[in-house]
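Asks: I'd like to ask some things about the structure below.
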Amino acid sequence: MKRPEGFDERPAQPAAGVEGERAPRERRAPRIPRLPRRQGAGTDDGREARVAPETPAAAPETVASPVSRPAATDHDAAATDVVDLLTASRPAESADASDDHEAPIGAGVRAAETARDARVARKRRKLLERAEVRRFTRRSRHRRAAWVTAGGVVVVLGVSILVAVYSPLMALRTIEIKGTSRVDDAALRQALSEQIGTPLARLDFGAIKKDIAGFPLIESYVTEEEPPNTLVVTVTERTPVVAVKTGKTFDLVDPAGIVVQSAPKQPDTMPLADIGSAKLGSSVFRTMTEVVLALPSTVRAQVSGVSASTADDVTLTMKDGSRVVWGSPDDSDAKAALLDALVKDHASRDPKTAVEYDVSAPDNGIIRAQS
C-alpha cells in the first residue's frame, strides 16, 4: 500500500485508560478532511460497496457502555483520518478487480492534457513541414509563376492582335482631314471612303496614297489612326513661289512645277518667272525657284522677276529697276546674306539710283552702275 506523503506508519498504541500502561504523548498530526464514503446499498450498478480494511486493532475496549467508554485521544482521531484517506485514494480490491476498479482521481484531467499536448504537437509539426516544403520549392514556384506570367502576356497580346485585325469593333468609321485651305475636304474624304469598314490594322495605305495623289495641290500628308474607329489625315498643301504668265492669266507654281492656282494678275509678293523655252519642272525652273526660296523675306518682297538661261545663270530683277547677278544656286544662303547687306548699304547712300548687285562670288560683293 502507498503511503501518503507527510505521514509515518506507526504501531497502534493502546487506548488511554487501560490499566498498567499509559499511552505516551505524541505530536498531533495535521487533520485531513474526511472524504465521502460510498454507501453499501443502493449503488447505481448494483454492486455492494466495499469497506476499507480497519486500522490495526488497538487495545480492546473494556467498557461496553457508551456512557462509561473513555474519550478517544487525538492520536486515535488522526489515525482514523489517515485510514479514511487511504481507503478513498486507492482502488478497491476484489476478485474481479479488472472489471470493478475505478480510475484514480485526476486521471481524466491528465488524459485530456496529454491529448491537447499531442494535438498542439501535431499542428506544430505540420506547420514546420509546410515551411520546409515552401522553402525547398521556392525556386520552382518562382519559375512556375514566371512562366504563367509570360504565358498570360502572350495570350493577352494574341487576343489583342486578333481583335485589332479581325474584329469589327476596330473598323474604320470616321475620316478626319486637317491642314487644307485650297483642297476640297469633302472631295478628299469621298476619295478615301473605300477604306470605311476596314479594321484600322488592315488599312490599305497603298490605296490611300494613290487616292491622295489625285489631288495635285497636296504636297505631303501624314496619316494617324485613332482607335477604335477614326483615321486622321493631316495634309500639307503646295505653296507657290513664282508666277508664270500663260496668255492673259498668271499661274502660281510651286518649286516642283505644279500649278497651284491661277490668277488674273500677278501677286505683289510673288516674282514673275521668265522660263523662256524651259518647261515647268525642268532643272532651270527648279534652280530659279531654289534661289527665290533662299532669299530673306525682306529682300524677296523687293524682287519682281527671276530669269535664267541655264542652271548657272540666274538673274533677279528688283522693283526699283536694279538687277542682281546671282549665278549658280551654290552657296545660296551666303549669297542671300550678302545681297541683303548690299541692298541696305545702297539704300542708305543713294536709294533712288538703280544699280547692279553682283553676288556670284559670295566673299566679294560688288555694286556697280547699270550699263
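Chain labels run A, B, ... following the order of the C-alpha cells; each chain numbers its residues from 1, and ligands are numbered from 1 in the order shown.
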Do you know which residues are at most 10 Å from stretch 314-326 of chain A counting only C-alpha atoms, after dropping those on the same chain fewer than 3 positions away, and could you put them as a PyMOL selection string?
Replies: chain A and resi 271-273+284+287-288+291-292+299-311+329-330+332+335-336+339+343+351-362+366-367+369-370
Asks: Please identify the strand (DSSP E or B) residues within stretch 187-339 of chain A (assignment by DSSP from backbone atoms) and present them as a PyMOL selection string.
Replies: chain A and resi 199+218-226+230-237+242-246+249-253+259-263+272-274+303-308+314-318+323-327
Asks: Output N, CA and C atoms for every residue in that selection, as a compact mmCIF listing (two decimals), in the first residue's frame.
Replies:
# COMPACT_ATOMS: atom_id res chain seq x y z
N PRO A 199 -10.86 47.16 -90.69
CA PRO A 199 -10.17 47.36 -89.40
C PRO A 199 -8.93 48.23 -89.56
N ILE A 218 -1.83 68.83 -102.99
CA ILE A 218 -1.31 68.25 -101.75
C ILE A 218 0.16 67.87 -101.97
N GLU A 219 1.03 68.52 -101.23
CA GLU A 219 2.46 68.24 -101.36
C GLU A 219 2.85 67.01 -100.56
N SER A 220 2.31 66.87 -99.34
CA SER A 220 2.61 65.71 -98.49
C SER A 220 1.45 65.52 -97.52
N TYR A 221 1.44 64.39 -96.86
CA TYR A 221 0.37 64.10 -95.90
C TYR A 221 0.90 63.12 -94.86
N VAL A 222 0.20 63.09 -93.74
CA VAL A 222 0.51 62.17 -92.64
C VAL A 222 -0.79 61.56 -92.17
N THR A 223 -0.80 60.24 -92.02
CA THR A 223 -1.99 59.54 -91.51
C THR A 223 -1.75 59.11 -90.08
N GLU A 224 -2.81 59.15 -89.30
CA GLU A 224 -2.75 58.74 -87.89
C GLU A 224 -4.04 58.00 -87.54
N GLU A 225 -3.87 56.82 -86.96
CA GLU A 225 -5.04 56.03 -86.56
C GLU A 225 -5.38 56.31 -85.10
N GLU A 226 -6.61 56.63 -84.86
CA GLU A 226 -7.10 56.88 -83.50
C GLU A 226 -8.15 55.83 -83.18
N THR A 230 -11.30 55.80 -86.01
CA THR A 230 -11.03 57.08 -86.67
C THR A 230 -9.67 57.06 -87.38
N LEU A 231 -9.63 57.65 -88.58
CA LEU A 231 -8.39 57.87 -89.32
C LEU A 231 -8.25 59.37 -89.55
N VAL A 232 -7.12 59.93 -89.13
CA VAL A 232 -6.84 61.37 -89.27
C VAL A 232 -5.80 61.54 -90.37
N VAL A 233 -6.10 62.39 -91.37
CA VAL A 233 -5.18 62.68 -92.47
C VAL A 233 -4.81 64.17 -92.37
N THR A 234 -3.54 64.43 -92.07
CA THR A 234 -3.05 65.81 -91.98
C THR A 234 -2.31 66.14 -93.27
N VAL A 235 -2.79 67.16 -93.98
CA VAL A 235 -2.32 67.48 -95.33
C VAL A 235 -1.43 68.72 -95.28
N THR A 236 -0.34 68.67 -96.05
CA THR A 236 0.49 69.86 -96.30
C THR A 236 0.29 70.26 -97.76
N GLU A 237 -0.32 71.40 -97.97
CA GLU A 237 -0.61 71.83 -99.34
C GLU A 237 0.63 72.44 -99.99
N VAL A 242 6.56 81.21 -107.40
CA VAL A 242 6.71 82.12 -108.55
C VAL A 242 5.43 82.09 -109.36
N ALA A 243 5.29 83.12 -110.15
CA ALA A 243 4.14 83.20 -111.07
C ALA A 243 4.67 83.08 -112.50
N VAL A 244 3.95 82.34 -113.31
CA VAL A 244 4.32 82.14 -114.72
C VAL A 244 3.15 82.63 -115.55
N LYS A 245 3.47 83.56 -116.51
CA LYS A 245 2.40 84.13 -117.32
C LYS A 245 2.04 83.16 -118.44
N THR A 246 0.74 82.85 -118.49
CA THR A 246 0.22 81.98 -119.53
C THR A 246 -0.96 82.69 -120.17
N THR A 249 -3.47 85.15 -118.13
CA THR A 249 -3.54 84.79 -116.70
C THR A 249 -2.14 84.46 -116.19
N PHE A 250 -2.10 84.41 -114.88
CA PHE A 250 -0.84 84.07 -114.21
C PHE A 250 -1.06 82.78 -113.41
N ASP A 251 -0.21 81.78 -113.70
CA ASP A 251 -0.27 80.52 -112.94
C ASP A 251 0.70 80.60 -111.76
N LEU A 252 0.17 80.30 -110.59
CA LEU A 252 1.02 80.28 -109.39
C LEU A 252 1.58 78.86 -109.25
N VAL A 253 2.93 78.77 -109.29
CA VAL A 253 3.59 77.47 -109.40
C VAL A 253 4.49 77.25 -108.18
N VAL A 259 1.12 73.69 -110.88
CA VAL A 259 0.30 74.90 -110.84
C VAL A 259 -0.68 74.77 -109.68
N VAL A 260 -0.53 75.61 -108.71
CA VAL A 260 -1.38 75.56 -107.52
C VAL A 260 -2.65 76.35 -107.76
N GLN A 261 -2.54 77.45 -108.43
CA GLN A 261 -3.68 78.33 -108.59
C GLN A 261 -3.45 79.22 -109.80
N SER A 262 -4.52 79.72 -110.38
CA SER A 262 -4.43 80.69 -111.49
C SER A 262 -5.07 81.99 -111.05
N ALA A 263 -4.45 83.09 -111.43
CA ALA A 263 -4.94 84.40 -111.04
C ALA A 263 -4.94 85.33 -112.24
N LEU A 272 7.79 87.17 -110.98
CA LEU A 272 7.39 86.58 -112.24
C LEU A 272 8.59 85.82 -112.82
N ALA A 273 8.39 84.55 -113.10
CA ALA A 273 9.48 83.72 -113.62
C ALA A 273 9.44 83.71 -115.14
N ASP A 274 10.59 84.11 -115.74
CA ASP A 274 10.73 84.09 -117.19
C ASP A 274 11.49 82.81 -117.55
N VAL A 303 11.74 91.72 -104.94
CA VAL A 303 12.07 91.09 -106.22
C VAL A 303 10.79 91.02 -107.05
N SER A 304 10.89 91.47 -108.28
CA SER A 304 9.72 91.45 -109.17
C SER A 304 9.82 90.37 -110.24
N GLY A 305 11.04 89.88 -110.52
CA GLY A 305 11.17 88.85 -111.55
C GLY A 305 12.43 88.05 -111.40
N VAL A 306 12.44 86.87 -112.00
CA VAL A 306 13.60 85.99 -111.99
C VAL A 306 13.69 85.34 -113.35
N SER A 307 14.91 85.24 -113.85
CA SER A 307 15.12 84.62 -115.16
C SER A 307 16.42 83.83 -115.15
N ALA A 308 16.52 82.92 -116.09
CA ALA A 308 17.73 82.09 -116.22
C ALA A 308 17.74 81.47 -117.59
N VAL A 314 21.49 82.69 -113.14
CA VAL A 314 20.23 83.18 -112.58
C VAL A 314 20.37 84.68 -112.34
N THR A 315 19.35 85.41 -112.78
CA THR A 315 19.35 86.86 -112.61
C THR A 315 18.01 87.28 -112.00
N LEU A 316 18.09 88.18 -111.03
CA LEU A 316 16.90 88.69 -110.35
C LEU A 316 16.68 90.15 -110.77
N THR A 317 15.42 90.55 -110.82
CA THR A 317 15.04 91.93 -111.13
C THR A 317 14.30 92.50 -109.93
N MET A 318 14.79 93.69 -109.45
CA MET A 318 14.20 94.34 -108.29
C MET A 318 13.10 95.29 -108.74
N ARG A 323 19.25 95.20 -110.77
CA ARG A 323 19.39 93.80 -111.12
C ARG A 323 20.37 93.13 -110.16
N VAL A 324 20.22 91.80 -110.06
CA VAL A 324 21.09 91.01 -109.19
C VAL A 324 21.65 89.87 -110.02
N VAL A 325 22.99 89.83 -110.12
CA VAL A 325 23.66 88.72 -110.78
C VAL A 325 23.91 87.64 -109.73
N TRP A 326 23.17 86.57 -109.85
CA TRP A 326 23.24 85.52 -108.81
C TRP A 326 24.17 84.39 -109.21
N GLY A 327 24.13 83.99 -110.39
CA GLY A 327 24.98 82.89 -110.84
C GLY A 327 24.32 81.54 -110.57
Asks: I need the alpha helix (DSSP H) residues of stretch 60-309 of chain A per DSSP on the backbone, written as a count of residues only.
Replies: 111
Asks: Using atom CA of A:Ala201 and atom CA of A:Arg173 as the two end points, give the distance in Å to one decimal.
Replies: 13.3 Å
Asks: Using only C-alpha atoms, pick whichever of A:Asn229, A:Thr149, A:Ser297, A:Thr289 has the shortest atom-to-atom distance to A:Glu176.
Replies: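 For A:Glu176, the nearest of the candidates is A:Asn229.
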Asks: So the first atom is atom CA of A:Leu157 and the second is atom CA of A:Leu172; what is the distance between them in Å, to one decimal place?
Replies: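 So the answer is 21.3 Å.
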